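Following: one structure in structure tokens, then a few remarks.
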Amino acid sequence: MREYAIRGSETQKVTILNEKKDGYKVRITRYRDNDWKIEKEEFMSKELLDTCLRTQYLVEVSA
């Protein structure tokens with residue numbers, strides 16, 4: 001699973017759960033009460049992820 005920090009937010013991240021033909025199932029989590037809490041899981045198109053990476057709205061977190 002790849003994880004990405006969201007620019008401008010130290011308390012949220014996006015995790016890619018799996019890849020589909022036309023995009024990704026992602027989980028958005030928020031750090032709250034000293035733990036990461038799941039905000040939501042949804043679909044993100046490949047085009048949207050590529051745009052977010054190109055503009056550095058999402059930055060991959062090194063393991």
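Just remember, in the structure tokens the first chain shown is A, the second B, etc., residues are 1-based per chain, and ligands are 1-based in the order shown.
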
#### Entry: Neighbour list for segment 16-33 of chain A as JSON, numbers by chain, cut-off 10 Å, only C-alpha atoms, skip fewer than 4 positions in-chain
{"A": [1, 2, 3, 4, 6, 9, 10, 11, 12, 37, 38, 39, 40, 41, 42, 43, 44, 45, 46, 47, 48, 49]}

Next, dump the selected residues to file, keeping only C-alpha atoms, as a JSON list (two decimals), in the first residue's frame.
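So again_37.json came out as:
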```
[["chain", "number", "residue", "atom", "x", "y", "z"],
["A", 1, "MET", "CA", 0.00, 0.00, 0.00],
["A", 2, "ARG", "CA", 1.25, 3.45, -0.89],
["A", 3, "GLU", "CA", 0.64, 6.36, 1.47],
["A", 4, "TYR", "CA", 0.53, 10.04, 0.59],
["A", 6, "ILE", "CA", -1.92, 15.84, 1.82],
["A", 9, "SER", "CA", -2.45, 19.11, 6.35],
["A", 10, "GLU", "CA", -0.27, 17.42, 8.92],
["A", 11, "THR", "CA", -3.21, 15.42, 10.22],
["A", 12, "GLN", "CA", -4.53, 13.73, 7.05],
["A", 37, "LYS", "CA", -8.97, 7.34, 12.34],
["A", 38, "ILE", "CA", -10.59, 6.34, 9.04],
["A", 39, "GLU", "CA", -12.50, 9.25, 7.55],
["A", 40, "LYS", "CA", -13.75, 7.51, 4.40],
["A", 41, "GLU", "CA", -12.96, 5.08, 1.62],
["A", 42, "GLU", "CA", -13.74, 5.98, -1.95],
["A", 43, "PHE", "CA", -12.71, 5.66, -5.59],
["A", 44, "MET", "CA", -10.08, 7.96, -7.13],
["A", 45, "SER", "CA", -9.50, 7.97, -10.87],
["A", 46, "LYS", "CA", -6.00, 7.50, -12.26],
["A", 47, "GLU", "CA", -6.21, 10.93, -13.87],
["A", 48, "LEU", "CA", -7.04, 12.60, -10.56],
["A", 49, "LEU", "CA", -4.21, 10.83, -8.72]]
```

### Message
Report, in Å to a single decimal, how far apart atom CA of Asn34 of chain A and atom CA of Arg7 of chain A are.
### Response
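Here the two named atoms are 20.4 Å from each other.
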